[in-house]
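Below: coords.cif (mmCIF, C-alpha atoms)
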data_input
loop_
_atom_site.label_atom_id
_atom_site.label_comp_id
_atom_site.auth_asym_id
_atom_site.auth_seq_id
_atom_site.Cartn_x
_atom_site.Cartn_y
_atom_site.Cartn_z
CA GLY H 77 -13.46 15.85 3.78
CA ALA H 78 -12.92 14.50 0.33
CA GLY H 79 -10.41 11.81 1.24
CA VAL H 80 -10.45 8.53 3.15
CA SER H 81 -10.74 9.25 6.84
CA GLN H 82 -9.32 6.94 9.52
CA SER H 83 -9.53 7.03 13.29
CA PRO H 84 -7.86 6.96 15.66
CA SER H 85 -4.62 8.16 14.10
CA ASN H 86 -2.69 6.68 17.00
CA LYS H 87 -3.64 3.98 19.46
CA VAL H 88 -1.55 2.56 22.28
CA THR H 89 -2.95 -0.47 24.03
CA GLU H 90 -1.89 -3.20 26.38
CA LYS H 91 -1.36 -6.75 25.27
CA GLY H 92 -4.59 -8.73 25.50
CA LYS H 93 -6.94 -5.78 24.99
CA ASP H 94 -9.32 -5.44 22.04
CA VAL H 95 -9.06 -2.51 19.64
CA GLU H 96 -11.32 -1.07 16.96
CA LEU H 97 -10.09 0.96 14.03
CA ARG H 98 -12.49 2.95 11.89
CA CYS H 99 -12.44 3.88 8.21
CA ASP H 100 -14.73 6.27 6.36
CA PRO H 101 -14.17 5.85 2.59
CA ILE H 102 -14.53 8.42 -0.15
CA SER H 103 -18.19 9.06 -0.92
CA GLY H 104 -19.35 6.96 -3.86
CA HIS H 105 -16.54 4.43 -3.61
CA THR H 106 -18.02 0.96 -3.47
CA ALA H 107 -14.84 -0.92 -2.69
CA LEU H 108 -12.98 -0.70 0.62
CA TYR H 109 -9.71 -2.35 1.61
CA TRP H 110 -7.65 -2.79 4.75
CA TYR H 111 -3.89 -3.15 4.58
CA ARG H 112 -1.26 -3.45 7.29
CA GLN H 113 2.18 -1.84 7.11
CA SER H 114 4.77 -3.09 9.54
CA LEU H 115 8.24 -1.61 10.06
CA GLY H 116 10.53 -2.73 7.28
CA GLN H 117 7.71 -4.45 5.41
CA GLY H 118 5.62 -3.46 2.47
CA LEU H 119 1.87 -3.27 2.71
CA GLU H 120 0.11 -6.51 3.49
CA PHE H 121 -3.46 -7.06 2.24
CA LEU H 122 -5.95 -7.91 4.98
CA ILE H 123 -9.54 -7.74 3.73
CA TYR H 124 -11.60 -6.34 0.85
CA PHE H 125 -15.25 -5.29 0.69
CA GLN H 126 -17.01 -4.78 -2.66
CA GLY H 127 -20.59 -3.58 -2.59
CA ASN H 128 -22.94 -6.18 -1.14
CA SER H 129 -20.70 -9.12 -2.00
CA ALA H 130 -19.17 -11.32 0.67
CA PRO H 131 -15.86 -9.80 1.76
CA ASP H 132 -12.53 -11.30 0.70
CA LYS H 133 -10.98 -12.16 4.05
CA SER H 134 -8.06 -14.10 2.64
CA GLY H 135 -5.43 -11.75 4.09
CA LEU H 136 -6.53 -11.76 7.73
CA PRO H 137 -3.60 -13.21 9.72
CA SER H 138 -5.64 -14.93 12.44
CA ASP H 139 -9.15 -15.31 13.78
CA ARG H 140 -8.43 -12.47 16.22
CA PHE H 141 -8.89 -10.12 13.27
CA SER H 142 -12.30 -9.26 11.89
CA ALA H 143 -13.89 -6.42 9.95
CA GLU H 144 -17.31 -5.27 9.04
CA ARG H 145 -18.74 -2.67 6.77
CA THR H 146 -22.10 -1.24 7.68
CA GLY H 147 -24.43 0.24 5.10
CA GLY H 148 -21.82 -0.06 2.39
CA SER H 149 -19.84 2.83 3.82
CA VAL H 150 -17.96 2.98 7.11
CA SER H 151 -15.82 0.01 8.07
CA THR H 152 -14.45 -1.14 11.40
CA LEU H 153 -11.43 -3.40 11.79
CA THR H 154 -11.41 -5.19 15.13
CA ILE H 155 -8.41 -6.91 16.66
CA GLN H 156 -9.18 -9.06 19.69
CA ARG H 157 -6.67 -10.01 22.40
CA THR H 158 -3.96 -7.86 20.81
CA GLN H 159 -0.40 -9.15 20.66
CA GLN H 160 2.84 -7.19 20.31
CA GLU H 161 3.27 -8.44 16.75
CA ASP H 162 0.01 -6.65 15.87
CA SER H 163 1.83 -3.32 16.23
CA ALA H 164 1.74 -1.68 12.80
CA VAL H 165 0.09 1.04 10.77
CA TYR H 166 -3.32 -0.07 9.55
CA LEU H 167 -4.21 1.60 6.26
CA CYS H 168 -7.64 1.78 4.74
CA ALA H 169 -8.21 2.46 1.05
CA SER H 170 -11.20 2.79 -1.25
CA ASN H 171 -11.95 2.97 -4.96
CA ARG H 172 -14.76 2.68 -7.47
CA GLN H 173 -15.74 -0.70 -8.80
CA GLY H 174 -14.29 -1.48 -12.20
CA ASN H 175 -11.77 1.32 -12.36
CA THR H 176 -8.08 0.94 -13.22
CA GLY H 177 -7.35 -0.21 -9.73
CA GLU H 178 -5.97 2.97 -8.19
CA LEU H 179 -6.39 2.86 -4.45
CA PHE H 180 -7.02 6.02 -2.45
CA PHE H 181 -5.47 5.56 0.96
CA GLY H 182 -6.19 7.17 4.27
CA GLU H 183 -3.40 8.34 6.55
CA GLY H 184 -3.57 5.19 8.61
CA SER H 185 -4.03 4.23 12.24
CA ARG H 186 -0.78 3.54 14.08
CA LEU H 187 -1.31 0.76 16.61
CA THR H 188 1.23 0.11 19.36
CA VAL H 189 0.72 -2.90 21.60
CA LEU H 190 2.76 -2.76 24.80
CA THR W 139 6.76 -15.50 0.62
CA GLN W 140 7.55 -12.09 -0.89
CA LEU W 141 6.13 -12.20 -4.40
CA LEU W 142 7.55 -8.81 -5.35
CA GLU W 143 11.20 -8.16 -4.59
CA GLN W 144 12.03 -4.49 -4.58
CA SER W 145 15.57 -3.14 -4.57
CA PRO W 146 17.40 -1.36 -3.23
CA GLN W 147 15.74 -1.01 0.17
CA PHE W 148 17.60 2.22 0.93
CA LEU W 149 19.00 4.83 -1.41
CA SER W 150 20.81 7.97 -0.29
CA ILE W 151 21.99 10.27 -3.06
CA GLN W 152 22.92 13.87 -3.78
CA GLU W 153 20.67 16.30 -5.60
CA GLY W 154 21.10 16.05 -9.34
CA GLU W 155 22.02 12.35 -9.43
CA ASN W 156 20.04 9.72 -11.31
CA LEU W 157 18.68 6.56 -9.74
CA THR W 158 16.77 3.40 -10.59
CA VAL W 159 14.54 1.28 -8.38
CA TYR W 160 13.74 -2.27 -9.39
CA CYS W 161 10.75 -4.46 -8.75
CA ASN W 162 11.04 -8.16 -9.69
CA SER W 163 8.83 -11.19 -9.48
CA SER W 164 8.55 -14.73 -10.78
CA SER W 165 4.81 -14.16 -11.14
CA VAL W 166 2.98 -12.46 -13.97
CA PHE W 167 0.91 -9.42 -13.10
CA SER W 168 -1.92 -7.97 -15.17
CA SER W 169 -0.73 -4.52 -14.19
CA LEU W 170 1.76 -2.92 -11.89
CA GLN W 171 1.47 0.27 -9.91
CA TRP W 172 4.01 2.57 -8.31
CA TYR W 173 3.11 4.54 -5.19
CA ARG W 174 4.95 7.18 -3.21
CA GLN W 175 4.43 7.51 0.52
CA GLU W 176 5.53 10.31 2.83
CA PRO W 177 5.79 9.99 6.63
CA GLY W 178 2.42 10.01 8.36
CA GLU W 179 0.50 9.73 5.12
CA GLY W 180 -0.95 6.97 2.99
CA PRO W 181 0.61 5.93 -0.32
CA VAL W 182 -0.32 8.00 -3.37
CA LEU W 183 -0.44 6.47 -6.84
CA LEU W 184 2.18 7.68 -9.30
CA VAL W 185 1.48 5.47 -12.28
CA THR W 186 -0.10 2.25 -13.50
CA VAL W 187 1.57 0.21 -16.25
CA VAL W 188 -0.50 -2.41 -17.99
CA THR W 189 1.13 -3.58 -21.23
CA GLY W 190 4.33 -5.61 -21.38
CA GLY W 191 7.18 -3.35 -22.51
CA GLU W 192 5.22 -0.22 -21.67
CA VAL W 193 7.14 2.91 -20.76
CA LYS W 194 5.49 5.87 -19.05
CA LYS W 195 7.05 9.19 -18.20
CA LEU W 196 5.95 11.54 -15.46
CA LYS W 197 8.18 14.61 -15.62
CA ARG W 198 11.60 13.33 -14.39
CA LEU W 199 10.25 9.87 -13.54
CA THR W 200 10.28 7.04 -16.08
CA PHE W 201 8.44 3.80 -15.39
CA GLN W 202 8.89 0.60 -17.37
CA PHE W 203 6.98 -2.67 -17.33
CA GLY W 204 8.92 -5.73 -18.40
CA ASP W 205 7.97 -7.55 -21.60
CA ALA W 206 6.84 -10.59 -19.63
CA ARG W 207 4.93 -8.43 -17.10
CA LYS W 208 6.98 -9.85 -14.24
CA ASP W 209 9.18 -6.87 -13.45
CA SER W 210 9.23 -3.10 -13.47
CA SER W 211 11.59 -0.23 -12.88
CA LEU W 212 11.39 3.38 -11.80
CA HIS W 213 14.10 5.73 -13.00
CA ILE W 214 14.43 9.26 -11.64
CA THR W 215 16.56 11.76 -13.52
CA ALA W 216 18.26 14.64 -11.73
CA ALA W 217 16.78 13.81 -8.34
CA GLN W 218 15.63 16.65 -6.13
CA PRO W 219 15.14 16.82 -2.34
CA GLY W 220 11.39 16.86 -2.96
CA ASP W 221 11.67 13.34 -4.37
CA THR W 222 12.55 12.05 -0.90
CA GLY W 223 10.09 9.41 0.29
CA LEU W 224 9.14 5.75 0.30
CA TYR W 225 8.52 4.29 -3.15
CA LEU W 226 6.39 1.16 -3.39
CA CYS W 227 5.65 -1.09 -6.31
CA ALA W 228 2.45 -3.11 -6.25
CA GLY W 229 1.22 -5.81 -8.60
CA VAL W 230 -2.33 -6.65 -9.60
CA ARG W 231 -3.03 -10.29 -10.40
CA GLY W 232 -5.87 -11.01 -12.79
CA THR W 233 -8.81 -8.72 -12.17
CA SER W 234 -8.29 -8.48 -8.40
CA TYR W 235 -8.15 -4.71 -8.51
CA GLY W 236 -7.17 -3.35 -5.16
CA LYS W 237 -5.94 -6.66 -3.78
CA LEU W 238 -2.40 -5.63 -4.42
CA THR W 239 0.85 -7.43 -3.76
CA PHE W 240 3.35 -4.86 -2.55
CA GLY W 241 7.11 -4.84 -2.62
CA GLN W 242 9.01 -4.00 0.57
CA GLY W 243 9.57 -0.44 -0.57
CA THR W 244 12.59 1.77 -1.28
CA ILE W 245 13.38 4.61 1.09
CA LEU W 246 14.90 7.37 -1.04
CA THR W 247 16.74 10.29 0.53
CA VAL W 248 17.96 13.09 -1.72
CA HIS W 249 20.42 15.44 -0.05
CA PRO W 250 20.63 19.09 -1.15
#
Full structure transcribed into structure tokens:
Amino acid sequence: GAGVSQSPSNKVTEKGKDVELRCDPISGHTALYWYRQSLGQGLEFLIYFQGNSAPDKSGLPSDRFSAERTGGSVSTLTIQRTQQEDSAVYLCASNRQGNTGELFFGEGSRLTVL
Amino acid sequence: TQLLEQSPQFLSIQEGENLTVYCNSSSVFSSLQWYRQEPGEGPVLLVTVVTGGEVKKLKRLTFQFGDARKDSSLHITAAQPGDTGLYLCAGVRGTSYGKLTFGQGTILTVHP
């Protein structure tokens, strides 16, 4: 497809389990972002990848969260030892380097930690 | 710390009414974006305002960026049920494109 693709769309897990969320950005977009949207909250920046540069991890809430981007394309967000407060919609976005800053978002992965 | 305060959080109006959503901050932003999000989907960009005092119109939607680039507003004229959704403002600081600071959002419901 032409848009940002995320999987799974829904994930229910038990507290303490690890989860992986996947993002496939728009072809040709060099920048990739992860945001988290919790109920009643706006979007919260998590991490940003730009080309081959070191990622900006300044938004990751704890060391249980990590992300990687292989080959400058697909990204995986990993949450280890999930907690109930990790329940949220995790949104991935991409854009071209140096543009006006418009982000193209995927539909998100809804994570529920029981 | 919420750097962008968006108000109101909820807005329920009748078709044909006008409304304004506000986005305020004590910080200066190099640009400010407005997104609209529908259930089960990601946010979609409506507009980007860059210059202090700038006004942009998108059909019945009017966006304004404050002179000091610390606040913005979204005004909708003659709202329609199709305008229903979550409206989000997001500020860009410096050249950190994409590393946006979002407001909490305004859930707008327009009743026929």
(Q) What does the structure give for the distance between atom CA of W:Gly229 and atom CA of W:Leu184, in Å to one decimal? (A)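 Taking atom CA of W:Gly229 and atom CA of W:Leu184, their separation equals 13.5 Å.
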Would you tabulate, counting only C-alpha atoms, all residues of chain H that have an atom at most 10 Å from an atom of chain W, showing the closest pair of atoms and their distance in Å to one decimal, sorted by chain then ascending number, as a Markdown table?
| residue | atom | partner | partner_atom | distance |
| --- | --- | --- | --- | --- |
| H:Val80 | CA | W:Gly180 | CA | 9.6 |
| H:Ser85 | CA | W:Gly178 | CA | 9.3 |
| H:Ala107 | CA | W:Gly236 | CA | 8.4 |
| H:Leu108 | CA | W:Gly236 | CA | 8.6 |
| H:Tyr109 | CA | W:Gly236 | CA | 7.3 |
| H:Trp110 | CA | W:Lys237 | CA | 9.5 |
| H:Tyr111 | CA | W:Lys237 | CA | 9.3 |
| H:Gln113 | CA | W:Gln242 | CA | 9.7 |
| H:Ser114 | CA | W:Gln242 | CA | 10.0 |
| H:Leu115 | CA | W:Gln242 | CA | 9.8 |
| H:Gly116 | CA | W:Gln242 | CA | 7.0 |
| H:Gln117 | CA | W:Gln242 | CA | 5.0 |
| H:Gly118 | CA | W:Gln242 | CA | 3.9 |
| H:Leu119 | CA | W:Phe240 | CA | 5.7 |
| H:Glu120 | CA | W:Phe240 | CA | 7.0 |
| H:Phe121 | CA | W:Lys237 | CA | 6.5 |
| H:Leu122 | CA | W:Lys237 | CA | 8.8 |
| H:Ile123 | CA | W:Lys237 | CA | 8.4 |
| H:Tyr124 | CA | W:Lys237 | CA | 7.3 |
| H:Asp132 | CA | W:Lys237 | CA | 9.2 |
| H:Gly135 | CA | W:Lys237 | CA | 9.4 |
| H:Val165 | CA | W:Gly178 | CA | 9.6 |
| H:Tyr166 | CA | W:Gly180 | CA | 9.9 |
| H:Leu167 | CA | W:Gly180 | CA | 7.1 |
| H:Cys168 | CA | W:Gly180 | CA | 8.6 |
| H:Ala169 | CA | W:Gly236 | CA | 8.6 |
| H:Ser170 | CA | W:Gly236 | CA | 8.3 |
| H:Asn171 | CA | W:Gly236 | CA | 7.9 |
| H:Arg172 | CA | W:Gly236 | CA | 10.0 |
| H:Gln173 | CA | W:Tyr235 | CA | 8.6 |
| H:Gly174 | CA | W:Tyr235 | CA | 7.9 |
| H:Asn175 | CA | W:Tyr235 | CA | 8.0 |
| H:Thr176 | CA | W:Tyr235 | CA | 7.4 |
| H:Gly177 | CA | W:Tyr235 | CA | 4.7 |
| H:Glu178 | CA | W:Leu183 | CA | 6.7 |
| H:Leu179 | CA | W:Gly236 | CA | 6.3 |
| H:Phe180 | CA | W:Val182 | CA | 7.0 |
| H:Phe181 | CA | W:Gly180 | CA | 5.2 |
| H:Gly182 | CA | W:Gly180 | CA | 5.4 |
| H:Glu183 | CA | W:Glu179 | CA | 4.4 |
| H:Gly184 | CA | W:Gly180 | CA | 6.5 |
| H:Ser185 | CA | W:Gly178 | CA | 9.5 |
| H:Arg186 | CA | W:Gly178 | CA | 9.2 |
Q. What does the distance from atom CA of W:Leu199 to atom CA of W:Gly220 come to in Å, to one decimal?
A.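 If I compute the distance from atom CA of W:Leu199 to atom CA of W:Gly220, I get 12.7 Å.
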**Q.** Matched chain/residue IDs from the PyMOL selection byres ((chain W and resi 207) around 10), as number ranges by chain
**A.** W: 162-170, 187-192, 202-206, 208-210, 229
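The space between atom CA of H:Thr106 and atom CA of H:Phe125 spans 8.0 Å.
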Q. Given the file above and the PyMOL selection byres ((chain H and resi 92) around 12), which residues are selected, and can you give them as a PyMOL selection string?
A. chain H and resi 89-91+93-95+140+155-162+189-190
(Q) Please list as a list of chain:residue names every residue within 12 Å of H:Gly147, counting only C-alpha atoms and excluding residues in the same chain fewer than 6 positions away. (A)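 Here the qualifying residues turn out to be H:Asp100, H:Pro101, H:Thr106, H:Phe125, H:Gln126, H:Gly127, H:Asn128.
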Tell me which protein, DNA and RNA residues are within 9 Å of H:Thr154, counting all atoms listed in the file, leaving out same-chain ones fewer than 5 positions away, and put them as a PDB file with C-alpha atoms, in the coordinates of the input.
ATOM      1  CA  ASP H  94      -9.320  -5.440  22.040  1.00  0.00           C
ATOM      2  CA  VAL H  95      -9.060  -2.510  19.640  1.00  0.00           C
ATOM      3  CA  GLU H  96     -11.320  -1.070  16.960  1.00  0.00           C
ATOM      4  CA  LEU H  97     -10.090   0.960  14.030  1.00  0.00           C
ATOM      5  CA  ARG H  98     -12.490   2.950  11.890  1.00  0.00           C
ATOM      6  CA  ARG H 140      -8.430 -12.470  16.220  1.00  0.00           C
ATOM      7  CA  PHE H 141      -8.890 -10.120  13.270  1.00  0.00           C
ATOM      8  CA  SER H 142     -12.300  -9.260  11.890  1.00  0.00           C
ATOM      9  CA  ALA H 143     -13.890  -6.420   9.950  1.00  0.00           C
ATOM     10  CA  GLU H 144     -17.310  -5.270   9.040  1.00  0.00           C
TER      11      GLU H 144
END
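Here the question is which of H:Ala130, H:Cys99, H:Val88, H:Leu187 gets nearest to H:Leu153 using all atoms listed in the file, and that residue is H:Cys99.
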Q: Spell out the residues picked by the PyMOL selection byres ((chain W and resi 215) around 7) here, as a PyMOL selection string.
A: chain W and resi 155-157+198-199+213-214+216-217
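Distance check against W:Glu153 using all atoms listed in the file: of W:Gln218, W:Thr200, W:Ser211, W:Thr247, the minimum falls on W:Gln218.
Closest approach to H:Pro131 among H:Ile102, H:Ser151, H:Ser81, H:Arg112: H:Ser151, based on only C-alpha atoms.
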